>>> print(open('start-v6.cif').read())   # mmCIF, C-alpha atoms and all ligand atoms
data_input
loop_
_atom_site.label_atom_id
_atom_site.label_comp_id
_atom_site.auth_asym_id
_atom_site.auth_seq_id
_atom_site.Cartn_x
_atom_site.Cartn_y
_atom_site.Cartn_z
CA MET Y 1 -41.76 4.29 1.52
CA SER Y 2 -38.46 4.92 -0.22
CA GLU Y 3 -36.38 2.45 -2.19
CA THR Y 4 -32.87 2.36 -3.56
CA VAL Y 5 -32.26 5.56 -5.50
CA LEU Y 6 -29.32 7.36 -7.06
CA GLU Y 7 -29.72 11.10 -6.63
CA ILE Y 8 -27.95 13.45 -9.02
CA HIS Y 9 -27.50 16.83 -7.37
CA LEU Y 10 -27.31 19.46 -10.09
CA PRO Y 11 -26.35 22.42 -7.84
CA LYS Y 12 -23.25 20.41 -6.82
CA LEU Y 13 -22.48 19.72 -10.47
CA ARG Y 14 -22.66 23.46 -11.14
CA HIS Y 15 -20.34 24.09 -8.19
CA ASN Y 16 -17.75 21.66 -9.56
CA TYR Y 17 -18.03 23.16 -13.03
CA GLN Y 18 -17.37 26.64 -11.61
CA PHE Y 19 -14.46 25.32 -9.54
CA LEU Y 20 -12.81 24.00 -12.71
CA ARG Y 21 -13.65 27.08 -14.77
CA LYS Y 22 -11.84 29.27 -12.24
CA ARG Y 23 -8.68 27.26 -12.81
CA LEU Y 24 -8.74 27.86 -16.57
CA ALA Y 25 -7.96 30.84 -18.76
CA SER Y 26 -11.13 32.55 -19.96
CA THR Y 27 -10.43 31.48 -23.53
CA THR Y 28 -9.92 27.80 -22.73
CA LYS Y 29 -12.83 25.62 -23.76
CA LEU Y 30 -14.15 23.02 -21.38
CA LEU Y 31 -15.13 19.63 -22.73
CA ALA Y 32 -17.27 17.80 -20.18
CA VAL Y 33 -16.76 14.05 -20.36
CA VAL Y 34 -20.13 12.32 -20.01
CA LYS Y 35 -19.21 8.84 -21.24
CA ALA Y 36 -20.52 5.73 -19.48
CA PHE Y 37 -23.91 7.30 -18.66
CA GLY Y 38 -22.23 10.39 -17.24
CA TYR Y 39 -19.87 8.37 -15.04
CA GLY Y 40 -22.77 6.25 -13.88
CA SER Y 41 -25.16 9.15 -13.25
CA ASP Y 42 -27.44 10.29 -16.08
CA ALA Y 43 -25.59 11.62 -19.12
CA VAL Y 44 -28.53 13.62 -20.46
CA ALA Y 45 -29.37 15.33 -17.16
CA VAL Y 46 -25.69 16.12 -16.58
CA ALA Y 47 -25.11 17.37 -20.12
CA LYS Y 48 -28.19 19.61 -20.05
CA CYS Y 49 -27.12 21.13 -16.75
CA LEU Y 50 -23.54 21.68 -17.92
CA ALA Y 51 -24.67 23.09 -21.27
CA ALA Y 52 -26.65 25.68 -19.33
CA CYS Y 53 -23.50 26.40 -17.26
CA GLY Y 54 -21.58 27.10 -20.46
CA ALA Y 55 -19.75 23.86 -21.22
CA ASP Y 56 -18.33 24.21 -24.73
CA TYR Y 57 -18.07 20.58 -25.73
CA PHE Y 58 -19.10 17.12 -24.63
CA GLY Y 59 -17.03 13.95 -24.80
CA VAL Y 60 -18.20 10.35 -24.96
CA ALA Y 61 -16.43 7.07 -25.67
CA TYR Y 62 -18.81 5.52 -28.21
CA VAL Y 63 -21.15 6.62 -30.96
CA GLN Y 64 -24.33 5.37 -29.23
CA GLU Y 65 -23.52 7.56 -26.24
CA GLY Y 66 -23.28 10.60 -28.49
CA MET Y 67 -26.51 9.68 -30.26
CA ALA Y 68 -28.32 9.61 -26.92
CA LEU Y 69 -27.18 13.18 -26.24
CA ARG Y 70 -28.23 14.37 -29.69
CA ASN Y 71 -31.61 12.65 -29.34
CA ALA Y 72 -32.08 14.52 -26.06
CA GLY Y 73 -31.47 17.84 -27.79
CA ILE Y 74 -27.85 18.59 -26.90
CA THR Y 75 -26.52 20.92 -29.60
CA GLN Y 76 -22.90 21.46 -28.47
CA PRO Y 77 -20.12 19.70 -30.39
CA ILE Y 78 -19.65 16.12 -29.18
CA LEU Y 79 -16.31 14.33 -29.45
CA VAL Y 80 -16.50 10.54 -29.76
CA MET Y 81 -13.19 9.34 -28.38
CA HIS Y 82 -13.31 5.71 -29.44
CA PRO Y 83 -15.58 5.33 -32.47
CA GLN Y 84 -15.96 1.90 -34.03
CA GLN Y 85 -15.97 1.37 -37.77
CA GLN Y 86 -19.52 0.03 -38.07
CA ASN Y 87 -21.01 3.15 -36.41
CA LEU Y 88 -19.41 5.82 -38.58
CA GLU Y 89 -22.49 6.46 -40.68
CA ALA Y 90 -24.60 6.97 -37.55
CA LEU Y 91 -21.86 9.25 -36.23
CA ILE Y 92 -22.14 11.46 -39.31
CA LYS Y 93 -25.91 11.41 -39.23
CA HIS Y 94 -25.87 12.69 -35.64
CA LYS Y 95 -23.15 15.30 -36.29
CA LEU Y 96 -20.72 13.75 -33.83
CA GLU Y 97 -16.97 14.44 -34.13
CA PRO Y 98 -14.80 11.33 -34.33
CA ALA Y 99 -11.37 10.84 -32.83
CA ILE Y 100 -9.30 9.37 -35.65
CA TYR Y 101 -6.74 7.22 -33.88
CA ASN Y 102 -5.25 4.96 -36.56
CA HIS Y 103 -5.16 4.39 -40.32
CA ARG Y 104 -7.83 1.71 -40.15
CA ILE Y 105 -10.40 4.13 -38.74
CA PHE Y 106 -9.07 6.98 -40.92
CA ASP Y 107 -9.62 4.95 -44.12
CA ALA Y 108 -13.01 3.73 -42.97
CA PHE Y 109 -14.06 7.28 -42.16
CA LEU Y 110 -12.95 8.62 -45.55
CA ALA Y 111 -14.90 5.83 -47.24
CA THR Y 112 -18.00 6.66 -45.19
CA LEU Y 113 -17.73 10.36 -46.03
CA LYS Y 114 -17.54 9.51 -49.73
CA ALA Y 115 -20.40 7.03 -49.53
CA THR Y 116 -22.63 9.57 -47.78
CA GLU Y 117 -21.44 12.47 -49.98
CA THR Y 118 -20.37 14.43 -46.90
CA THR Y 119 -17.72 17.15 -47.12
CA HIS Y 120 -15.65 19.30 -44.73
CA TYR Y 121 -16.47 17.04 -41.80
CA PRO Y 122 -14.87 17.95 -38.43
CA ILE Y 123 -12.48 15.37 -36.98
CA HIS Y 124 -9.98 15.20 -34.12
CA LEU Y 125 -6.64 13.45 -34.58
CA LYS Y 126 -5.61 11.43 -31.56
CA PHE Y 127 -1.89 10.97 -30.85
CA ASN Y 128 -0.26 8.41 -28.60
CA THR Y 129 2.39 10.11 -26.45
CA GLY Y 130 3.02 7.26 -24.03
CA LEU Y 131 -0.27 5.82 -22.75
CA ASN Y 132 -0.01 3.24 -25.56
CA ARG Y 133 -3.75 2.82 -25.73
CA LEU Y 134 -5.07 4.68 -28.80
CA GLY Y 135 -3.50 7.10 -31.22
CA PHE Y 136 -1.06 7.76 -34.02
CA GLN Y 137 2.63 7.94 -33.18
CA PRO Y 138 4.14 11.44 -33.10
CA ASN Y 139 6.43 10.50 -36.00
CA GLN Y 140 3.36 10.00 -38.20
CA THR Y 141 2.53 13.71 -38.03
CA ASN Y 142 3.89 14.67 -41.45
CA GLN Y 143 2.26 11.70 -43.13
CA LEU Y 144 -1.06 12.72 -41.52
CA LEU Y 145 -0.62 16.31 -42.69
CA ASP Y 146 -0.20 14.99 -46.24
CA LEU Y 147 -3.36 12.89 -45.88
CA LEU Y 148 -5.30 15.90 -44.60
CA ASP Y 149 -4.08 17.91 -47.55
CA GLN Y 150 -5.14 15.20 -50.00
CA ASN Y 151 -8.58 15.07 -48.42
CA LYS Y 152 -9.13 18.72 -47.62
CA ASN Y 153 -12.56 18.73 -49.24
CA LEU Y 154 -13.71 15.85 -47.10
CA LEU Y 155 -12.18 16.76 -43.75
CA GLN Y 156 -11.82 19.69 -41.41
CA LEU Y 157 -9.15 19.32 -38.72
CA LYS Y 158 -11.23 20.49 -35.79
CA GLY Y 159 -8.98 19.15 -33.03
CA VAL Y 160 -5.73 17.41 -32.17
CA TYR Y 161 -5.24 15.70 -28.86
CA SER Y 162 -3.44 13.23 -26.67
CA HIS Y 163 -4.07 11.73 -23.24
CA LEU Y 164 -1.83 11.63 -20.18
CA ALA Y 165 -1.00 8.35 -18.47
CA ALA Y 166 -0.19 9.52 -14.95
CA SER Y 167 -1.34 13.12 -14.53
CA ASP Y 168 -2.58 12.28 -11.02
CA ASP Y 169 0.78 10.91 -9.86
CA LEU Y 170 3.41 13.50 -8.95
CA ASP Y 171 6.01 10.71 -8.71
CA GLU Y 172 5.59 10.33 -12.48
CA GLU Y 173 6.25 14.01 -13.14
CA ALA Y 174 9.16 13.29 -15.52
CA PHE Y 175 7.01 10.94 -17.58
CA THR Y 176 4.17 13.46 -17.77
CA GLN Y 177 6.59 16.22 -18.81
CA ALA Y 178 7.92 13.95 -21.56
CA GLN Y 179 4.37 13.34 -22.79
CA LEU Y 180 3.61 17.06 -22.73
CA GLU Y 181 6.82 17.82 -24.64
CA GLN Y 182 5.93 15.28 -27.30
CA PHE Y 183 2.48 16.78 -27.59
CA ASP Y 184 3.94 20.25 -27.88
CA THR Y 185 6.16 19.09 -30.75
CA ILE Y 186 3.02 17.87 -32.54
CA VAL Y 187 1.27 21.18 -31.83
CA GLN Y 188 4.21 23.16 -33.24
CA ALA Y 189 4.12 21.09 -36.43
CA ILE Y 190 0.37 21.38 -37.00
CA LYS Y 191 -0.59 24.82 -35.68
CA PRO Y 192 1.12 26.88 -38.41
CA ILE Y 193 -0.87 24.97 -41.04
CA PHE Y 194 -4.13 24.72 -39.07
CA PRO Y 195 -4.21 27.79 -36.78
CA ASP Y 196 -7.89 27.31 -35.83
CA THR Y 197 -7.52 23.72 -34.67
CA ILE Y 198 -8.35 23.03 -31.02
CA PHE Y 199 -5.42 21.39 -29.22
CA HIS Y 200 -6.23 19.52 -26.02
CA VAL Y 201 -4.37 17.17 -23.71
CA LEU Y 202 -5.48 17.62 -20.06
CA ASN Y 203 -7.97 15.50 -18.12
CA THR Y 204 -9.06 16.32 -14.55
CA SER Y 205 -5.72 15.63 -12.87
CA GLY Y 206 -3.97 17.33 -15.76
CA VAL Y 207 -5.94 20.52 -15.08
CA LEU Y 208 -5.23 20.29 -11.37
CA ASN Y 209 -1.51 19.49 -11.69
CA HIS Y 210 -0.41 20.82 -15.08
CA ALA Y 211 -2.69 23.76 -15.88
CA ALA Y 212 0.04 25.41 -17.97
CA ALA Y 213 -0.63 22.79 -20.66
CA GLN Y 214 -4.32 23.64 -21.08
CA TYR Y 215 -3.85 24.78 -24.72
CA ASP Y 216 -7.29 25.50 -26.27
CA MET Y 217 -9.44 23.02 -24.37
CA VAL Y 218 -9.42 20.57 -21.45
CA ARG Y 219 -11.38 17.32 -21.10
CA THR Y 220 -12.70 16.92 -17.58
CA GLY Y 221 -14.74 14.05 -16.24
CA ILE Y 222 -14.33 12.86 -12.67
CA SER Y 223 -13.95 16.32 -11.08
CA LEU Y 224 -17.31 17.43 -12.48
CA TYR Y 225 -18.85 14.54 -10.56
CA GLY Y 226 -17.02 15.65 -7.42
CA TYR Y 227 -13.81 13.62 -7.18
CA GLY Y 228 -10.38 15.09 -7.76
CA ASN Y 229 -7.96 12.20 -7.23
CA ASP Y 230 -6.48 14.31 -4.43
CA SER Y 231 -7.78 14.95 -0.92
CA ALA Y 232 -7.06 18.70 -0.94
CA VAL Y 233 -9.02 19.08 -4.16
CA ASP Y 234 -11.76 16.72 -2.99
CA ALA Y 235 -12.33 19.08 -0.05
CA GLN Y 236 -13.30 21.79 -2.54
CA LEU Y 237 -15.47 19.64 -4.80
CA LYS Y 238 -18.98 18.42 -4.03
CA PRO Y 239 -19.82 14.80 -4.85
CA VAL Y 240 -22.83 14.96 -7.14
CA LEU Y 241 -24.13 11.47 -6.47
CA THR Y 242 -25.95 10.19 -3.41
CA LEU Y 243 -26.81 6.50 -3.38
CA LYS Y 244 -29.49 5.76 -0.84
CA THR Y 245 -31.29 2.63 0.16
CA VAL Y 246 -33.32 1.28 3.09
CA ILE Y 247 -33.14 -1.50 5.63
CA SER Y 248 -35.37 -4.32 4.37
CA GLN Y 249 -34.98 -6.64 7.35
CA LEU Y 250 -33.05 -6.99 10.60
CA HIS Y 251 -31.73 -10.28 11.95
CA SER Y 252 -30.19 -11.27 15.27
CA LEU Y 253 -27.44 -13.86 14.91
CA GLN Y 254 -26.22 -15.94 17.80
CA LYS Y 255 -22.59 -16.96 18.19
CA GLY Y 256 -21.90 -19.60 15.49
CA ASP Y 257 -24.74 -18.57 13.16
CA SER Y 258 -23.68 -17.97 9.58
CA LEU Y 259 -24.81 -15.28 7.17
CA GLY Y 260 -25.36 -15.42 3.43
CA TYR Y 261 -23.96 -17.56 0.62
CA SER Y 262 -21.08 -19.94 1.28
CA ARG Y 263 -21.56 -19.10 4.97
CA ALA Y 264 -18.75 -16.58 4.46
CA PHE Y 265 -19.59 -14.79 7.71
CA VAL Y 266 -19.92 -16.71 10.96
CA ALA Y 267 -20.87 -14.72 14.06
CA LYS Y 268 -18.20 -14.74 16.75
CA GLU Y 269 -20.67 -13.19 19.15
CA LYS Y 270 -24.25 -11.96 19.13
CA THR Y 271 -24.53 -9.87 15.96
CA ARG Y 272 -27.36 -7.77 14.59
CA THR Y 273 -27.49 -7.55 10.81
CA ALA Y 274 -29.45 -5.49 8.31
CA THR Y 275 -30.35 -6.75 4.84
CA LEU Y 276 -30.32 -4.05 2.15
CA PRO Y 277 -31.92 -4.15 -1.34
CA LEU Y 278 -28.70 -3.58 -3.27
CA GLY Y 279 -26.29 -6.18 -4.63
CA HIS Y 280 -23.67 -6.93 -7.24
CA ALA Y 281 -26.29 -6.58 -9.97
CA ASP Y 282 -26.60 -2.96 -8.86
CA GLY Y 283 -22.86 -2.35 -8.93
CA ILE Y 284 -21.82 -3.27 -5.42
CA GLY Y 285 -19.09 -5.67 -6.58
CA ARG Y 286 -18.16 -8.78 -4.65
CA ILE Y 287 -14.94 -7.01 -3.71
CA TYR Y 288 -16.99 -4.91 -1.25
CA GLY Y 289 -18.09 -7.97 0.72
CA ASN Y 290 -16.53 -9.49 3.79
CA GLY Y 291 -15.67 -6.23 5.49
CA ASN Y 292 -14.10 -4.46 2.49
CA GLY Y 293 -16.99 -2.08 2.07
CA TYR Y 294 -19.44 -0.28 4.30
CA VAL Y 295 -22.56 1.88 4.31
CA TRP Y 296 -23.78 4.65 6.62
CA ILE Y 297 -26.84 4.38 8.87
CA HIS Y 298 -27.76 7.34 11.08
CA GLY Y 299 -24.24 8.69 10.52
CA GLN Y 300 -22.53 5.49 11.64
CA LYS Y 301 -20.46 3.12 9.56
CA ALA Y 302 -21.95 -0.35 9.04
CA PRO Y 303 -19.52 -2.84 7.45
CA ILE Y 304 -20.76 -5.13 4.68
CA ILE Y 305 -20.39 -8.66 6.04
CA GLY Y 306 -20.49 -11.97 4.23
CA ASN Y 307 -20.59 -12.25 0.46
CA VAL Y 308 -22.33 -9.65 -1.70
CA CYS Y 309 -25.41 -11.29 -3.26
CA MET Y 310 -26.90 -10.40 -6.63
CA ASP Y 311 -29.71 -8.29 -5.18
CA MET Y 312 -28.75 -7.81 -1.54
CA ILE Y 313 -25.99 -7.05 0.90
CA MET Y 314 -25.97 -7.58 4.63
CA VAL Y 315 -24.34 -5.12 7.01
CA ASP Y 316 -23.38 -5.29 10.66
CA VAL Y 317 -25.56 -2.99 12.75
CA THR Y 318 -24.79 -4.50 16.17
CA ASN Y 319 -23.84 -1.09 17.54
CA ILE Y 320 -26.26 1.05 15.57
CA ALA Y 321 -29.75 1.85 16.81
CA CYS Y 322 -31.88 1.34 13.71
CA SER Y 323 -35.16 -0.12 12.50
CA GLU Y 324 -36.48 -1.78 9.38
CA GLY Y 325 -37.34 0.89 6.81
CA ASP Y 326 -34.60 3.27 8.01
CA GLU Y 327 -32.52 5.16 5.45
CA VAL Y 328 -29.07 3.90 4.45
CA ILE Y 329 -26.49 6.03 2.64
CA VAL Y 330 -23.95 4.19 0.50
CA ILE Y 331 -22.26 7.26 -0.98
CA GLY Y 332 -23.12 10.91 -0.56
CA GLU Y 333 -21.66 14.34 0.02
CA ASN Y 334 -19.96 13.30 3.24
CA GLU Y 335 -19.85 9.58 2.47
CA SER Y 336 -17.11 9.52 -0.11
CA ALA Y 337 -17.20 7.09 -3.02
CA GLU Y 338 -13.45 7.62 -3.28
CA ALA Y 339 -12.86 6.50 0.33
CA LEU Y 340 -15.21 3.53 -0.06
CA ALA Y 341 -13.56 2.45 -3.31
CA ASN Y 342 -10.04 2.94 -1.93
CA HIS Y 343 -10.96 0.86 1.12
CA ALA Y 344 -11.77 -2.04 -1.22
CA GLY Y 345 -8.66 -1.48 -3.35
CA THR Y 346 -10.27 0.31 -6.29
CA ILE Y 347 -11.08 3.86 -7.40
CA SER Y 348 -14.08 6.20 -7.42
CA TYR Y 349 -14.32 5.94 -11.24
CA GLU Y 350 -15.02 2.22 -11.04
CA PHE Y 351 -17.55 2.48 -8.23
CA ILE Y 352 -19.70 5.19 -9.78
CA THR Y 353 -19.58 3.95 -13.38
CA GLY Y 354 -20.50 0.48 -12.13
CA LEU Y 355 -23.82 1.59 -10.63
CA SER Y 356 -26.23 -0.36 -12.77
CA GLN Y 357 -29.13 0.93 -14.78
CA ARG Y 358 -31.48 -0.99 -12.46
CA ILE Y 359 -31.11 1.72 -9.84
CA PRO Y 360 -33.65 4.51 -10.42
CA ARG Y 361 -32.03 7.90 -11.06
CA LYS Y 362 -33.50 11.03 -9.51
CA THR Y 363 -32.36 14.48 -10.51
CA ILE Y 364 -32.29 16.99 -7.67
CA SER Y 365 -32.44 20.57 -8.94
CA GLU Y 366 -32.37 22.55 -5.73
CA LEU Y 367 -29.62 22.68 -3.12
CA LEU Y 368 -30.62 20.47 -0.20
C1 LIG Y 401 -12.25 9.51 -19.71
C2 LIG Y 401 -11.31 10.44 -20.41
C3 LIG Y 401 -11.11 11.75 -19.94
C4 LIG Y 401 -11.65 12.26 -18.62
O1 LIG Y 401 -10.77 11.90 -17.57
P1 LIG Y 401 -11.03 12.35 -16.05
O2 LIG Y 401 -9.87 11.80 -15.32
O3 LIG Y 401 -12.32 11.72 -15.64
O4 LIG Y 401 -11.11 13.83 -16.04
C5 LIG Y 401 -10.35 12.61 -20.72
N1 LIG Y 401 -9.80 12.18 -21.88
C6 LIG Y 401 -9.93 10.92 -22.34
C7 LIG Y 401 -9.27 10.53 -23.60
C8 LIG Y 401 -10.69 10.00 -21.60
O5 LIG Y 401 -10.79 8.75 -22.05
#
>>> encode(input="start-v6.cif", output="structure tokens")
Amino acid sequence: MSETVLEIHLPKLRHNYQFLRKRLASTTKLLAVVKAFGYGSDAVAVAKCLAACGADYFGVAYVQEGMALRNAGITQPILVMHPQQQNLEALIKHKLEPAIYNHRIFDAFLATLKATETTHYPIHLKFNTGLNRLGFQPNQTNQLLDLLDQNKNLLQLKGVYSHLAASDDLDEEAFTQAQLEQFDTIVQAIKPIFPDTIFHVLNTSGVLNHAAAQYDMVRTGISLYGYGNDSAVDAQLKPVLTLKTVISQLHSLQKGDSLGYSRAFVAKEKTRTATLPLGHADGIGRIYGNGNGYVWIHGQKAPIIGNVCMDMIMVDVTNIACSEGDEVIVIGENESAEALANHAGTISYEFITGLSQRIPRKTISELL
């Protein structure tokens, strides 16, 4: 008897990696972003597979995520994009590379290097070119170069990067070009002094829409997992995740019967419903209730009706021949997480990263 399971299909991951590689110059490094448990999958399984494919670098948001990769034996460089002050010693201990995004973290990192008697430690400087989230301002470049010079025994400038705000939106082309121009100005100021530094600015949509700006490395996340923020690209990628569950129980509602909490669904006619062992505690947010989301049973779409419960959802199977114990696909290769998320007004990133740790993960090594 099966249960709810999140399958991680490694051959599809390899396919997506190769798809991206083909779009890059042979000298461009690929940093695979595996933050947030590998976008909700299994960061270690994904990183091991991509390391074997030839991924040059890994990227995570927080120090603990990088530590988990190191503890699993990942030896590639790991960029921590949003390190917090209290974790800097652990970061050094695990040979993780911090993004230095402001003076507060810069000073804290210098102090930690001194306290741990560490020298020539690789860092990446993060610049804000318009996202206004993290990073130094471009006009701080010279001041930062002075600081690097003053601390050249402590630090090695391994990378310099920025992040695009709207690389997926061709209506924002002028804004993206302005960001890329600002980044290029920073590159021109730093490269003559640090010729071996890795410059990087593109995420997935950046690679797909602005490949000319790939510099020395790109940072790709969502496309590795099979979503390209674009239907033409999606057609060439293979979604890595399949979320499966089973029908726990079937019910027959008569006209006027209600279903679930707050009686949010009331049958207008005879309705057959299936109860599934998957709820908001598993990552099926309440937004997916009341007809906003759906699952697939025997290839047919079954809308989620009523409110999403903590551990269960109910779906309408009035027109689907099915039995208790039958398989249900929530997302899969042909059951797009992007379409499901868009239908409920959100994006694939949120759906897959929201899949909770309660769901067992299963790595699938062979092509099914
Ligand atoms: C998450 C993240 C990425 C990856 O973005 P995708 O759109 O998933 O490719 C790249 N760079 C930074 C700074 C990020 O935070």
>>> closest_atom_pairs(input="start-v6.cif", of="chain Y", to="ligand LIG 401 (chain Y)", cutoff="9 Å", atoms="only C-alpha atoms and all ligand atoms", output="Markdown table")
| residue | atom | partner | partner_atom | distance |
| --- | --- | --- | --- | --- |
| Y:Leu31 | CA | Y:LIG401 | C5 | 8.7 |
| Y:Ala32 | CA | Y:LIG401 | C4 | 8.0 |
| Y:Val33 | CA | Y:LIG401 | C4 | 5.7 |
| Y:Val34 | CA | Y:LIG401 | C1 | 8.4 |
| Y:Lys35 | CA | Y:LIG401 | C1 | 7.2 |
| Y:Tyr39 | CA | Y:LIG401 | O3 | 8.3 |
| Y:Gly59 | CA | Y:LIG401 | C5 | 7.9 |
| Y:Val60 | CA | Y:LIG401 | C1 | 8.0 |
| Y:Ala61 | CA | Y:LIG401 | O5 | 6.9 |
| Y:Met81 | CA | Y:LIG401 | C7 | 6.3 |
| Y:His82 | CA | Y:LIG401 | O5 | 8.4 |
| Y:Lys126 | CA | Y:LIG401 | C7 | 8.8 |
| Y:Leu134 | CA | Y:LIG401 | C7 | 8.9 |
| Y:Tyr161 | CA | Y:LIG401 | C7 | 8.4 |
| Y:Ser162 | CA | Y:LIG401 | C7 | 7.1 |
| Y:His163 | CA | Y:LIG401 | C7 | 5.3 |
| Y:Leu164 | CA | Y:LIG401 | N1 | 8.2 |
| Y:Ser167 | CA | Y:LIG401 | O2 | 8.7 |
| Y:Asp168 | CA | Y:LIG401 | O2 | 8.5 |
| Y:Val201 | CA | Y:LIG401 | N1 | 7.6 |
| Y:Leu202 | CA | Y:LIG401 | C5 | 7.0 |
| Y:Asn203 | CA | Y:LIG401 | O4 | 4.1 |
| Y:Thr204 | CA | Y:LIG401 | O4 | 3.6 |
| Y:Ser205 | CA | Y:LIG401 | O2 | 6.2 |
| Y:Gly206 | CA | Y:LIG401 | O4 | 8.0 |
| Y:Val207 | CA | Y:LIG401 | O4 | 8.5 |
| Y:Val218 | CA | Y:LIG401 | C5 | 8.0 |
| Y:Arg219 | CA | Y:LIG401 | C5 | 4.8 |
| Y:Thr220 | CA | Y:LIG401 | O4 | 3.8 |
| Y:Gly221 | CA | Y:LIG401 | O3 | 3.4 |
| Y:Ile222 | CA | Y:LIG401 | O3 | 3.8 |
| Y:Ser223 | CA | Y:LIG401 | O4 | 6.2 |
| Y:Leu224 | CA | Y:LIG401 | O4 | 8.0 |
| Y:Tyr225 | CA | Y:LIG401 | O3 | 8.7 |
| Y:Tyr227 | CA | Y:LIG401 | O3 | 8.8 |
| Y:Gly228 | CA | Y:LIG401 | O2 | 8.3 |
| Y:Asn229 | CA | Y:LIG401 | O2 | 8.3 |
| Y:Tyr349 | CA | Y:LIG401 | O3 | 7.5 |
>>> atom_distance(input="start-v6.cif", atom1="atom CA of Ala72 of chain Y", atom2="atom CA of Thr119 of chain Y")
25.6 Å
>>> residues_around(input="start-v6.cif", residues="Leu50 of chain Y", least_positions_apart="4", cutoff="10 Å", atoms="all atoms listed in the file", output="ChimeraX atom specification")
/Y:10,13-14,17,31-32,44-46,54-58,224
>>> write_last_selection(input="start-v6.cif", atoms="C-alpha atoms", output="PDB file, in the frame of the given file")
ATOM      1  CA  LEU Y  10     -27.310  19.460 -10.090  1.00  0.00           C
ATOM      2  CA  LEU Y  13     -22.480  19.720 -10.470  1.00  0.00           C
ATOM      3  CA  ARG Y  14     -22.660  23.460 -11.140  1.00  0.00           C
ATOM      4  CA  TYR Y  17     -18.030  23.160 -13.030  1.00  0.00           C
ATOM      5  CA  LEU Y  31     -15.130  19.630 -22.730  1.00  0.00           C
ATOM      6  CA  ALA Y  32     -17.270  17.800 -20.180  1.00  0.00           C
ATOM      7  CA  VAL Y  44     -28.530  13.620 -20.460  1.00  0.00           C
ATOM      8  CA  ALA Y  45     -29.370  15.330 -17.160  1.00  0.00           C
ATOM      9  CA  VAL Y  46     -25.690  16.120 -16.580  1.00  0.00           C
ATOM     10  CA  GLY Y  54     -21.580  27.100 -20.460  1.00  0.00           C
ATOM     11  CA  ALA Y  55     -19.750  23.860 -21.220  1.00  0.00           C
ATOM     12  CA  ASP Y  56     -18.330  24.210 -24.730  1.00  0.00           C
ATOM     13  CA  TYR Y  57     -18.070  20.580 -25.730  1.00  0.00           C
ATOM     14  CA  PHE Y  58     -19.100  17.120 -24.630  1.00  0.00           C
ATOM     15  CA  LEU Y 224     -17.310  17.430 -12.480  1.00  0.00           C
TER      16      LEU Y 224
END
>>> closest_residue(input="start-v6.cif", among="Y:Lys244, Y:Lys158, Y:His103, Y:Lys152", to="Pro77 of chain Y", atoms="all atoms listed in the file")
Y:Lys158
>>> closest_residue(input="start-v6.cif", among="Y:Ile359, Y:Ala90, Y:Cys49, Y:Leu250", to="Ile320 of chain Y", atoms="all atoms listed in the file")
Y:Leu250
>>> residues_around(input="start-v6.cif", residues="Leu155 of chain Y", least_positions_apart="2", cutoff="12 Å", atoms="all atoms listed in the file", output="ChimeraX atom specification")
/Y:97-98,100,106,109-114,117-125,145,147-153,157-159
>>> write_last_selection(input="start-v6.cif", atoms="C-alpha atoms", output="mmCIF file, keeping the file's coordinate frame")
data_model
loop_
_atom_site.group_PDB
_atom_site.id
_atom_site.type_symbol
_atom_site.label_atom_id
_atom_site.label_comp_id
_atom_site.auth_asym_id
_atom_site.auth_seq_id
_atom_site.Cartn_x
_atom_site.Cartn_y
_atom_site.Cartn_z
ATOM 1 C CA GLU Y 97 -16.970 14.440 -34.130
ATOM 2 C CA PRO Y 98 -14.800 11.330 -34.330
ATOM 3 C CA ILE Y 100 -9.300 9.370 -35.650
ATOM 4 C CA PHE Y 106 -9.070 6.980 -40.920
ATOM 5 C CA PHE Y 109 -14.060 7.280 -42.160
ATOM 6 C CA LEU Y 110 -12.950 8.620 -45.550
ATOM 7 C CA ALA Y 111 -14.900 5.830 -47.240
ATOM 8 C CA THR Y 112 -18.000 6.660 -45.190
ATOM 9 C CA LEU Y 113 -17.730 10.360 -46.030
ATOM 10 C CA LYS Y 114 -17.540 9.510 -49.730
ATOM 11 C CA GLU Y 117 -21.440 12.470 -49.980
ATOM 12 C CA THR Y 118 -20.370 14.430 -46.900
ATOM 13 C CA THR Y 119 -17.720 17.150 -47.120
ATOM 14 C CA HIS Y 120 -15.650 19.300 -44.730
ATOM 15 C CA TYR Y 121 -16.470 17.040 -41.800
ATOM 16 C CA PRO Y 122 -14.870 17.950 -38.430
ATOM 17 C CA ILE Y 123 -12.480 15.370 -36.980
ATOM 18 C CA HIS Y 124 -9.980 15.200 -34.120
ATOM 19 C CA LEU Y 125 -6.640 13.450 -34.580
ATOM 20 C CA LEU Y 145 -0.620 16.310 -42.690
ATOM 21 C CA LEU Y 147 -3.360 12.890 -45.880
ATOM 22 C CA LEU Y 148 -5.300 15.900 -44.600
ATOM 23 C CA ASP Y 149 -4.080 17.910 -47.550
ATOM 24 C CA GLN Y 150 -5.140 15.200 -50.000
ATOM 25 C CA ASN Y 151 -8.580 15.070 -48.420
ATOM 26 C CA LYS Y 152 -9.130 18.720 -47.620
ATOM 27 C CA ASN Y 153 -12.560 18.730 -49.240
ATOM 28 C CA LEU Y 157 -9.150 19.320 -38.720
ATOM 29 C CA LYS Y 158 -11.230 20.490 -35.790
ATOM 30 C CA GLY Y 159 -8.980 19.150 -33.030
#
>>> closest_residue(input="start-v6.cif", among="Y:Ala189, Y:Arg21, Y:Ile329, Y:Ser356", to="Gln143 of chain Y", atoms="only C-alpha atoms")
Y:Ala189
